[in-house]
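Novice: Next comes final-v4.tsv, TSV, C-alpha atoms and all ligand atoms:
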```
chain	number	residue	atom	x	y	z
A	250	MET	CA	8.34	22.71	16.99
A	251	SER	CA	7.72	18.94	16.87
A	252	GLU	CA	10.12	16.60	15.12
A	253	VAL	CA	7.54	16.02	12.42
A	254	SER	CA	6.97	19.71	11.78
A	255	VAL	CA	10.74	20.25	11.61
A	256	HIS	CA	10.87	17.59	8.91
A	257	ALA	CA	7.86	19.11	7.18
A	258	THR	CA	9.44	22.56	7.23
A	259	ARG	CA	12.69	21.13	5.86
A	260	ALA	CA	10.71	19.35	3.18
A	261	ILE	CA	8.97	22.56	2.15
A	262	GLU	CA	12.30	24.39	2.05
A	263	ALA	CA	13.73	21.61	-0.07
A	264	ILE	CA	10.78	21.78	-2.46
A	265	GLU	CA	11.25	25.52	-2.78
A	266	SER	CA	14.97	25.18	-3.41
A	267	ASP	CA	14.31	22.43	-5.96
A	268	ALA	CA	12.42	24.96	-8.01
A	269	GLN	CA	15.82	26.46	-8.82
A	270	LEU	CA	16.93	23.14	-10.29
A	271	ALA	CA	14.46	23.35	-13.14
A	272	LEU	CA	15.91	22.40	-16.47
A	273	PRO	CA	14.84	24.83	-19.18
A	274	GLY	CA	12.29	23.33	-21.54
A	275	VAL	CA	11.51	20.32	-19.37
A	276	VAL	CA	7.77	19.93	-18.91
A	277	VAL	CA	6.54	17.77	-16.08
A	278	GLU	CA	3.79	15.34	-17.02
A	279	SER	CA	0.31	16.17	-15.79
A	280	ALA	CA	-1.41	14.39	-12.95
A	281	SER	CA	-2.98	11.01	-13.57
A	282	GLU	CA	-5.73	9.52	-11.47
A	283	TRP	CA	-3.58	6.47	-10.95
A	284	VAL	CA	-0.55	8.17	-9.52
A	285	TRP	CA	-0.08	7.53	-5.83
A	286	ALA	CA	-0.70	10.96	-4.37
A	287	GLU	CA	0.92	11.80	-1.08
A	288	GLU	CA	-1.42	13.75	1.14
A	289	VAL	CA	0.41	13.79	4.43
A	290	GLY	CA	-0.79	16.02	7.22
A	291	GLU	CA	2.08	18.32	8.13
A	292	GLU	CA	1.23	18.04	11.81
A	293	ALA	CA	0.45	14.31	11.85
A	294	ASP	CA	1.32	12.70	15.15
A	295	VAL	CA	3.16	9.51	14.28
A	296	ALA	CA	2.89	8.28	17.88
A	297	ASP	CA	-0.84	7.77	17.35
A	298	PHE	CA	-1.44	5.07	14.78
A	299	VAL	CA	-4.33	6.69	12.94
A	300	HIS	CA	-5.36	5.35	9.57
A	301	ALA	CA	-8.72	6.31	8.08
A	302	THR	CA	-10.22	3.03	6.87
A	303	VAL	CA	-11.17	3.19	3.21
A	304	MET	CA	-14.63	2.06	1.94
A	305	LYS	CA	-15.46	0.30	5.20
A	306	SER	CA	-19.21	-0.09	4.59
A	307	GLU	CA	-18.67	-1.21	0.98
A	308	VAL	CA	-16.26	-3.92	2.18
A	309	VAL	CA	-18.75	-5.13	4.81
A	310	ASP	CA	-21.57	-5.10	2.23
A	311	ALA	CA	-19.45	-7.27	-0.06
A	312	LEU	CA	-18.38	-9.73	2.65
A	313	ARG	CA	-21.81	-9.94	4.35
A	314	PRO	CA	-20.18	-11.35	7.50
A	315	ARG	CA	-21.77	-14.40	9.11
A	316	ALA	CA	-20.60	-16.85	11.76
A	317	GLY	CA	-17.17	-18.22	10.89
A	318	ALA	CA	-13.58	-17.23	10.24
A	319	TYR	CA	-12.44	-14.33	8.06
A	320	VAL	CA	-9.01	-13.11	7.04
A	321	ASP	CA	-7.96	-9.49	7.10
A	322	ALA	CA	-4.78	-9.75	5.01
A	323	THR	CA	-3.69	-6.20	5.85
A	324	VAL	CA	-4.95	-5.35	9.32
A	325	GLY	CA	-3.05	-2.02	9.56
A	326	GLY	CA	-4.97	0.14	12.04
A	327	GLY	CA	-7.67	-2.54	12.36
A	328	GLY	CA	-10.56	-0.70	10.73
A	329	HIS	CA	-11.79	-3.44	8.41
A	330	THR	CA	-11.33	-6.14	11.06
A	331	GLU	CA	-13.34	-4.06	13.51
A	332	ALA	CA	-16.14	-3.61	10.96
A	333	ILE	CA	-16.31	-7.39	10.30
A	334	LEU	CA	-16.38	-8.20	14.02
A	335	GLU	CA	-19.09	-5.62	14.64
A	336	ALA	CA	-21.18	-6.84	11.72
A	337	HIS	CA	-21.76	-10.35	13.13
A	338	PRO	CA	-21.22	-11.62	16.69
A	339	GLY	CA	-20.22	-15.05	15.35
A	340	ALA	CA	-17.50	-13.74	13.05
A	341	ARG	CA	-13.86	-14.02	13.99
A	342	VAL	CA	-10.86	-12.64	12.15
A	343	ILE	CA	-7.34	-13.83	11.44
A	344	ALA	CA	-5.56	-10.50	11.12
A	345	LEU	CA	-2.28	-10.41	9.21
A	346	ASP	CA	0.31	-7.71	8.77
A	347	ARG	CA	4.02	-7.72	8.03
A	348	ASP	CA	4.49	-4.54	10.09
A	349	VAL	CA	4.93	-5.10	13.81
A	350	VAL	CA	3.94	-1.50	14.62
A	351	ALA	CA	0.61	-1.97	12.84
A	352	LEU	CA	0.00	-5.25	14.66
A	353	ASP	CA	0.68	-3.65	18.05
A	354	ALA	CA	-1.64	-0.75	17.25
A	355	SER	CA	-4.50	-2.91	16.00
A	356	ARG	CA	-4.08	-5.36	18.90
A	357	ALA	CA	-4.60	-2.45	21.31
A	358	LYS	CA	-7.52	-1.04	19.32
A	359	LEU	CA	-9.31	-4.39	19.04
A	360	ALA	CA	-8.62	-5.67	22.57
A	361	ARG	CA	-12.33	-5.54	23.41
A	362	PHE	CA	-13.02	-8.38	20.95
A	363	GLY	CA	-10.82	-10.78	22.94
A	364	ASP	CA	-10.12	-14.08	21.21
A	365	ARG	CA	-12.42	-13.28	18.29
A	366	VAL	CA	-9.34	-11.86	16.60
A	367	THR	CA	-6.01	-13.61	16.10
A	368	PHE	CA	-3.00	-11.56	15.04
A	369	VAL	CA	-0.31	-13.05	12.84
A	370	ARG	CA	2.84	-11.31	11.78
A	371	THR	CA	3.40	-12.46	8.24
A	372	SER	CA	3.19	-11.30	4.67
A	373	PHE	CA	-0.13	-12.18	3.07
A	374	GLY	CA	1.61	-14.21	0.38
A	375	ARG	CA	1.95	-16.78	3.18
A	376	VAL	CA	-1.70	-16.70	4.21
A	377	LYS	CA	-2.27	-20.37	3.41
A	378	GLU	CA	0.64	-21.43	5.63
A	379	ALA	CA	-0.50	-19.06	8.39
A	380	LEU	CA	-4.01	-20.56	8.36
A	381	GLY	CA	-2.52	-24.06	8.25
A	382	GLU	CA	-0.51	-23.32	11.40
A	383	LEU	CA	-3.75	-22.28	13.11
A	384	GLY	CA	-5.47	-25.46	11.93
A	385	ILE	CA	-7.84	-23.53	9.65
A	386	GLU	CA	-8.51	-24.96	6.20
A	387	SER	CA	-10.80	-22.35	4.74
A	388	VAL	CA	-12.50	-19.07	5.63
A	389	GLU	CA	-15.82	-17.38	4.87
A	390	GLY	CA	-14.16	-14.34	3.40
A	391	ILE	CA	-11.05	-12.24	3.07
A	392	VAL	CA	-10.33	-8.55	2.75
A	393	ALA	CA	-7.05	-7.07	1.50
A	394	ASP	CA	-6.54	-3.31	1.64
A	395	LEU	CA	-3.34	-2.99	-0.36
A	396	GLY	CA	-0.41	-0.64	-0.10
A	397	VAL	CA	0.83	1.35	2.84
A	398	SER	CA	-0.99	2.95	5.74
A	399	SER	CA	-0.97	6.63	6.58
A	400	PRO	CA	1.20	6.11	9.69
A	401	GLN	CA	3.77	4.25	7.57
A	402	LEU	CA	3.82	7.10	5.09
A	403	ASP	CA	3.91	9.74	7.81
A	404	ASP	CA	6.79	8.17	9.72
A	405	ALA	CA	9.91	9.89	8.37
A	406	ALA	CA	12.10	7.06	9.70
A	407	ARG	CA	10.54	4.66	7.20
A	408	GLY	CA	11.65	6.77	4.26
A	409	MET	CA	8.48	6.25	2.21
A	410	SER	CA	7.60	9.90	1.76
A	411	PHE	CA	9.36	12.39	-0.46
A	412	ARG	CA	7.94	15.12	1.76
A	413	ARG	CA	9.70	14.00	4.92
A	414	GLU	CA	13.41	13.73	5.46
A	415	GLY	CA	14.45	10.23	6.45
A	416	PRO	CA	16.63	7.30	5.49
A	417	ILE	CA	16.05	5.81	2.04
A	418	ASP	CA	14.45	2.70	3.50
A	419	MET	CA	10.80	2.14	2.39
A	420	ARG	CA	10.37	-1.31	3.98
A	421	MET	CA	7.00	-2.14	5.53
A	422	ASP	CA	8.71	-4.76	7.68
A	423	MET	CA	11.66	-2.81	9.04
A	424	THR	CA	13.25	-5.89	10.55
A	425	SER	CA	14.22	-7.69	7.38
A	426	GLY	CA	14.99	-7.38	3.70
A	427	GLU	CA	16.70	-4.93	1.45
A	428	THR	CA	16.13	-1.18	1.84
A	429	ALA	CA	15.57	1.14	-1.12
A	430	MET	CA	19.12	2.41	-0.58
A	431	ASP	CA	20.46	-1.15	-0.80
A	432	LEU	CA	18.50	-1.59	-4.00
A	433	ILE	CA	19.84	1.63	-5.52
A	434	GLU	CA	23.39	0.61	-4.61
A	435	ARG	CA	23.03	-2.92	-5.95
A	436	LEU	CA	21.29	-2.24	-9.28
A	437	SER	CA	22.98	-0.98	-12.42
A	438	ASP	CA	21.67	2.23	-14.00
A	439	ASP	CA	19.64	0.17	-16.48
A	440	ASP	CA	18.17	-2.19	-13.90
A	441	LEU	CA	17.25	0.72	-11.64
A	442	ALA	CA	15.57	2.42	-14.60
A	443	ASP	CA	13.63	-0.79	-15.28
A	444	VAL	CA	12.34	-0.87	-11.69
A	445	ILE	CA	11.26	2.77	-11.87
A	446	PHE	CA	9.62	2.20	-15.25
A	447	ARG	CA	7.88	-1.07	-14.39
A	448	TYR	CA	6.63	-0.34	-10.90
A	449	GLY	CA	6.39	3.44	-11.03
A	450	GLU	CA	5.13	3.58	-14.63
A	451	GLU	CA	7.58	6.46	-14.99
A	452	HIS	CA	8.49	7.12	-18.62
A	453	ARG	CA	11.50	9.24	-17.72
A	454	SER	CA	13.05	6.36	-15.81
A	455	ARG	CA	16.42	6.30	-17.66
A	456	ARG	CA	17.18	9.95	-16.93
A	457	ILE	CA	16.03	9.56	-13.35
A	458	ALA	CA	18.05	6.40	-12.72
A	459	ARG	CA	21.20	8.01	-14.11
A	460	SER	CA	20.70	11.07	-11.92
A	461	ILE	CA	20.13	8.94	-8.81
A	462	LYS	CA	23.25	6.88	-9.47
A	463	ARG	CA	25.25	10.05	-10.11
A	464	ALA	CA	24.10	11.48	-6.78
A	465	LEU	CA	25.13	8.21	-5.13
A	466	ALA	CA	28.58	8.30	-6.73
A	467	ASP	CA	29.01	11.94	-5.65
A	468	GLY	CA	28.11	11.14	-2.03
A	469	GLN	CA	24.92	13.21	-2.37
A	470	LEU	CA	22.36	10.53	-1.64
A	471	GLY	CA	21.81	10.32	2.10
A	472	THR	CA	18.12	10.95	2.64
A	473	THR	CA	14.72	10.86	0.97
A	474	LEU	CA	14.99	14.57	0.22
A	475	ASP	CA	18.34	13.96	-1.53
A	476	LEU	CA	16.59	11.28	-3.56
A	477	ARG	CA	13.83	13.68	-4.50
A	478	ARG	CA	16.43	16.30	-5.43
A	479	ALA	CA	18.17	13.83	-7.77
A	480	ILE	CA	14.82	13.13	-9.45
A	481	VAL	CA	14.03	16.82	-9.82
A	482	ARG	CA	17.49	17.37	-11.30
A	483	ALA	CA	16.58	14.85	-14.00
A	484	VAL	CA	13.05	15.91	-14.84
A	485	GLY	CA	12.44	19.39	-13.50
A	486	PRO	CA	10.38	20.67	-10.59
A	487	VAL	CA	6.72	20.20	-9.84
A	488	ARG	CA	4.35	22.13	-12.03
A	489	VAL	CA	1.88	24.29	-10.14
A	490	GLY	CA	-1.09	22.09	-9.25
A	491	GLY	CA	0.66	19.03	-10.69
A	492	VAL	CA	1.82	15.78	-9.17
A	493	ASP	CA	5.24	15.88	-7.55
A	494	PRO	CA	7.94	14.65	-9.96
A	495	ALA	CA	9.18	12.19	-7.32
A	496	THR	CA	5.80	10.47	-6.97
A	497	ARG	CA	6.23	7.70	-9.52
A	498	THR	CA	9.85	6.96	-8.66
A	499	PHE	CA	9.10	6.67	-4.94
A	500	GLN	CA	6.13	4.42	-5.74
A	501	GLY	CA	8.27	2.24	-8.00
A	502	LEU	CA	11.06	1.83	-5.46
A	503	ARG	CA	8.58	1.10	-2.65
A	504	ILE	CA	6.78	-1.55	-4.68
A	505	ALA	CA	10.09	-3.18	-5.59
A	506	VAL	CA	11.50	-3.08	-2.05
A	507	ASN	CA	8.38	-4.72	-0.62
A	508	GLY	CA	7.78	-7.11	-3.52
A	509	GLU	CA	4.23	-5.76	-3.54
A	510	LEU	CA	3.10	-7.14	-6.89
A	511	GLU	CA	4.67	-10.56	-6.32
A	512	GLU	CA	2.93	-10.71	-2.94
A	513	LEU	CA	-0.40	-9.85	-4.55
A	514	GLU	CA	0.07	-12.44	-7.28
A	515	THR	CA	0.80	-15.13	-4.68
A	516	LEU	CA	-2.26	-14.10	-2.67
A	517	LEU	CA	-4.48	-14.23	-5.76
A	518	ASP	CA	-3.09	-17.68	-6.61
A	519	VAL	CA	-3.92	-19.19	-3.21
A	520	LEU	CA	-7.27	-17.44	-2.64
A	521	PRO	CA	-9.37	-20.16	-4.31
A	522	ASP	CA	-7.79	-22.70	-1.95
A	523	ILE	CA	-8.58	-20.83	1.24
A	524	VAL	CA	-11.95	-19.15	0.59
A	525	ALA	CA	-14.78	-21.65	1.18
A	526	PRO	CA	-17.44	-22.08	-1.52
A	527	GLY	CA	-19.91	-19.22	-1.13
A	528	GLY	CA	-17.26	-17.11	0.59
A	529	VAL	CA	-16.17	-13.69	-0.67
A	530	ALA	CA	-12.85	-12.01	-1.47
A	531	ALA	CA	-12.81	-8.20	-1.37
A	532	ILE	CA	-9.67	-6.40	-2.54
A	533	LEU	CA	-8.97	-2.68	-2.40
A	534	SER	CA	-6.22	-1.50	-4.73
A	535	PHE	CA	-4.70	1.92	-5.11
A	536	HIS	CA	-2.97	1.91	-8.48
A	537	SER	CA	-3.50	0.38	-11.87
A	538	LEU	CA	-0.74	-2.25	-11.53
A	539	GLU	CA	-2.54	-3.80	-8.57
A	540	ASP	CA	-6.03	-3.38	-9.96
A	541	ARG	CA	-5.07	-5.08	-13.23
A	542	LEU	CA	-3.90	-8.19	-11.37
A	543	VAL	CA	-7.06	-8.35	-9.25
A	544	LYS	CA	-9.33	-7.77	-12.23
A	545	ARG	CA	-7.62	-10.51	-14.23
A	546	ALA	CA	-7.72	-13.02	-11.36
A	547	PHE	CA	-11.44	-12.51	-10.71
A	548	HIS	CA	-12.23	-12.50	-14.42
A	549	ASP	CA	-10.11	-15.39	-15.71
A	550	ARG	CA	-10.35	-17.98	-12.98
A	551	VAL	CA	-13.40	-20.24	-12.95
A	552	ALA	CA	-13.27	-20.25	-9.16
A	553	TRP	CA	-14.80	-16.78	-9.01
A	554	GLN	CA	-18.14	-15.18	-9.71
A	555	ARG	CA	-17.60	-11.44	-9.83
A	556	LEU	CA	-19.74	-9.34	-7.48
A	557	THR	CA	-18.45	-6.12	-9.05
A	558	ASN	CA	-18.22	-5.86	-12.83
A	559	LYS	CA	-16.69	-2.44	-12.53
A	560	PRO	CA	-14.68	-1.63	-9.43
A	561	LEU	CA	-16.49	0.32	-6.72
A	562	VAL	CA	-15.03	3.67	-5.76
A	563	ALA	CA	-15.33	5.81	-2.64
A	564	SER	CA	-18.40	7.99	-2.20
A	565	GLU	CA	-18.03	11.71	-2.83
A	566	GLU	CA	-18.30	12.31	0.89
A	567	GLU	CA	-15.52	9.84	1.71
A	568	ALA	CA	-13.32	11.18	-1.08
A	569	ALA	CA	-13.79	14.71	0.28
A	570	ASN	CA	-12.87	13.64	3.81
A	571	ASN	CA	-10.07	11.17	3.06
A	572	PRO	CA	-7.80	12.02	0.12
A	573	ARG	CA	-6.29	8.52	0.12
A	574	SER	CA	-9.70	7.03	-0.70
A	575	ARG	CA	-9.84	8.91	-3.99
A	576	SER	CA	-7.65	6.38	-5.77
A	577	ALA	CA	-9.25	3.29	-4.20
A	578	LYS	CA	-10.88	0.60	-6.37
A	579	LEU	CA	-12.77	-2.19	-4.66
A	580	ARG	CA	-13.31	-5.49	-6.47
A	581	ALA	CA	-15.17	-8.37	-4.90
A	582	ALA	CA	-15.87	-11.91	-6.02
A	583	CYS	CA	-17.71	-14.90	-4.64
A	584	ARG	CA	-16.01	-18.30	-4.51
A	585	CYS	CA	-18.03	-20.66	-6.63
A	586	SER	CA	-19.00	-24.10	-5.34
A	587	GLU	CA	-17.27	-27.17	-6.75
A	588	GLU	CA	-19.97	-27.29	-9.44
A	589	GLY	CA	-19.12	-23.77	-10.54
A	590	GLU	CA	-22.20	-22.24	-8.89
A	591	PRO	CA	-21.78	-19.14	-6.68
B	1	LIG	C1	-3.73	0.37	3.85
B	1	LIG	S1	-3.10	-0.37	5.25
B	1	LIG	C2	-4.45	-1.27	5.90
B	1	LIG	C3	-5.36	-0.44	6.72
B	1	LIG	C4	-6.49	-1.20	7.41
B	1	LIG	N1	-7.37	-1.83	6.47
B	1	LIG	C5	-7.25	-0.28	8.33
B	1	LIG	O1	-8.45	-0.10	8.12
B	1	LIG	O2	-6.65	0.29	9.23
B	1	LIG	C6	-2.13	-1.62	4.58
B	1	LIG	C7	-1.43	-2.49	5.61
B	1	LIG	O3	-1.07	-3.67	4.93
B	1	LIG	C8	0.21	-4.07	5.31
B	1	LIG	N2	0.74	-4.84	4.19
B	1	LIG	C9	1.00	-4.40	2.95
B	1	LIG	N3	1.45	-5.40	2.19
B	1	LIG	C10	1.45	-6.50	2.97
B	1	LIG	C11	1.79	-7.86	2.76
B	1	LIG	N4	2.24	-8.29	1.57
B	1	LIG	N5	1.64	-8.72	3.78
B	1	LIG	C12	1.17	-8.31	4.98
B	1	LIG	N6	0.86	-7.02	5.25
B	1	LIG	C13	0.98	-6.14	4.25
B	1	LIG	C14	0.94	-2.80	5.59
B	1	LIG	O4	1.99	-3.04	6.51
B	1	LIG	C15	-0.16	-1.93	6.18
B	1	LIG	O5	-0.20	-2.01	7.58
```
As a first step, turn the structure in this file into structure tokens.
Ligand SMILES: C[S@@+](CC[C@H](N)C(=O)[O-])C[C@H]1O[C@@H](n2cnc3c(N)ncnc32)[C@H](O)[C@@H]1O

Specialist:
Amino acid sequence: MSEVSVHATRAIEAIESDAQLALPGVVVESASEWVWAEEVGEEADVADFVHATVMKSEVVDALRPRAGAYVDATVGGGGHTEAILEAHPGARVIALDRDVVALDASRAKLARFGDRVTFVRTSFGRVKEALGELGIESVEGIVADLGVSSPQLDDAARGMSFRREGPIDMRMDMTSGETAMDLIERLSDDDLADVIFRYGEEHRSRRIARSIKRALADGQLGTTLDLRRAIVRAVGPVRVGGVDPATRTFQGLRIAVNGELEELETLLDVLPDIVAPGGVAAILSFHSLEDRLVKRAFHDRVAWQRLTNKPLVASEEEAANNPRSRSAKLRAACRCSEEGEP
């Protein structure tokens, strides 16, 4: 049995044993479209960096690539960059990611494009500085495909999945910053509850935070499955057909550990400076906290003419083939000229 399937089997056993931790009378909230749903393949091979690119043709339609420089703020497995490079022979892409594993994988996948793609290891909140270092003032367009990739979620060692046993880490860039465990240790019960409430939109955050801190104090918080167990102890097990009770808490901790919303806010702030007049920004978000920020930025700032009044969603066919695409919302906007014209 592969390492991954051992983890998966352990995870299933843990889920089954959690059922015995149900608190009488505790009803688990029903699924919401906006909950990050984990759909990990039990036999996924983490050695192969495979991420199914979401809404590829819709992103290319929005960007309408032409000759010039583009930014892929989240290159991941390289799918959107590849689509931009294929769409126009004069297009080149500055491909950013904070995850060195993703950069290595996309560099290998996109080798055939030679110097039409430049890889930069950085967080996209620093996109303006990254372009400055390359001597680029503005670009014809930018795509950001937010959140984590399937290989990041599938890799037990990253601790992002409540279905796989691993360290309570959750960092996209595993070389720096605080892990989720560090965060849990550092925060008070109340501050931990605030993180879970704010970023996970979890209304049972106080109970959950107390249970997590109790597990920590009792020496019972070593792995992601321990973390899930502490959550289940607080709120009860998964209801048949429902969303896992750990979903929102894991999402909240991951967003906090990676500063995901702060990063997005910084990106949205600098976008008007780096997208040339007539250029396009296309942003794919996967939960309401992100989508709200993107919607507000494209709506409120005079720099933008919206290309999508309502966010675009994945086609039925894509949603059927790629579960992750089901929660995707694509918003695109055109950078107006100095005179306010698109
Ligand atoms: C959903 S994946 C992108 C997948 C890619 N579009 C593709 O088609 O393969 C998101 C990627 O963005 C990266 N990422 C997330 N937040 C980031 C940030 N603030 N700065 C840089 N990279 C980030 C993650 O490490 C991950 O590799």

Novice: Please write out the residues within 6 Å of ligand LIG 1 (chain B) as JSON, numbers by chain, counting all atoms listed in the file.

Specialist: {"A": [300, 302, 323, 324, 325, 326, 327, 328, 329, 345, 346, 347, 348, 351, 371, 372, 373, 394, 395, 396, 397, 398, 421, 512]}

Novice: Do a neighbour search on Glu511 (chain A) at 12 Å with only C-alpha atoms, toss out local chain neighbours closer than 3 positions, and write the hits as a list in words.

Specialist: Ser372, Phe373, Gly374, Arg375, Tyr448, Ile504, Ala505, Val506, Asn507, Gly508, Glu514, Thr515, Leu516, Leu517, Asp518, Leu538, Glu539 and Leu542 of chain A

Novice: Taking into account all atoms listed in the file, which residue in the set A:Val392, A:Ala464, A:Leu513, A:Ala360 is nearest to Ile480 (chain A)?

Specialist: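 The answer is A:Ala464, which sits nearest to Ile480 (chain A).
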
Novice: In terms of the shortest atom-to-atom distance over only C-alpha atoms, which of A:Val299, A:Gly426, A:Asn558, A:Glu382 is closest to Lys358 (chain A)?

Specialist: A:Val299

Novice: Can you pull out every residue within 12 Å of Gly449 (chain A), counting only C-alpha atoms, but drop anything in the same chain fewer than 3 positions away, and send it as JSON, numbers by chain?

Specialist: {"A": [283, 284, 285, 441, 442, 443, 444, 445, 446, 452, 453, 454, 457, 494, 495, 496, 497, 498, 499, 500, 501, 502, 503, 504, 505, 510, 536, 537, 538, 539]}

Novice: Of the candidates A:Gly390, A:Val350, A:Ser355, A:Val487, which shows the shortest atom-to-atom distance to Asp422 (chain A), using all atoms listed in the file?

Specialist: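 Distance minimum relative to Asp422 (chain A) lands on A:Val350.
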
Novice: Using Å and a single decimal, report how far CA of Arg545 (chain A) sits from CA of Ser387 (chain A).

Specialist: 22.6 Å

Novice: Do you know which residues are at most 9 Å from Ala336 (chain A) counting all atoms listed in the file, after dropping those on the same chain fewer than 5 positions away, and could you put them as a list in words?

Specialist: Val309, Arg313, Pro314, Arg315 and Glu331 of chain A

Novice: From the set A:Leu352, A:Ala301, A:Leu432, A:Ile523, which residue has the shortest atom-to-atom contact distance to Val388 (chain A), counting all atoms listed in the file?

Specialist: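 Among the listed residues, the smallest separation from Val388 (chain A) belongs to A:Ile523.
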
Novice: Quick one: of A:Ala311, A:Met430, A:Glu335, A:Ala466, who's nearest to Arg580 (chain A), counting all atoms listed in the file?

Specialist: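 Checking each of A:Ala311, A:Met430, A:Glu335, A:Ala466 against Arg580 (chain A), counting all atoms listed in the file, the winner is A:Ala311.
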
Novice: Mind working out the centre and edge lengths of an axis-aligned box for region 362-366 of chain A, all listed atoms inside, 5 Å added to each side, rounded to one decimal in Å and written as lines of an AutoDock Vina configuration file?

Specialist:
```
center_x = -11.2
center_y = -11.2
center_z = 19.8
size_x = 13.7
size_y = 15.7
size_z = 16.3
```

Novice: Interatomic distance between CA of Asp310 (chain A) and CA of Arg555 (chain A)?

Specialist: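 Value for the CA of Asp310 (chain A)-CA of Arg555 (chain A) distance: 14.2 Å.
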
Novice: To one decimal place, how far is CA of Val562 (chain A) from CA of Arg447 (chain A) in Å?

Specialist: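 Computing it gives 24.9 Å between the two atoms.
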
Novice: How would you write as an MDAnalysis selection string the residues that get within 7 Å of (-7.8, -9.8, 11.2) in the file's frame, counting only C-alpha atoms?

Specialist: chainID A and resid 320:322 324 330 342:345 366:368

Novice: Which is closest to Asp431 (chain A) among A:Gly471, A:Pro560, A:Gly339, A:Pro400, if we use all atoms listed in the file?

Specialist: A:Gly471
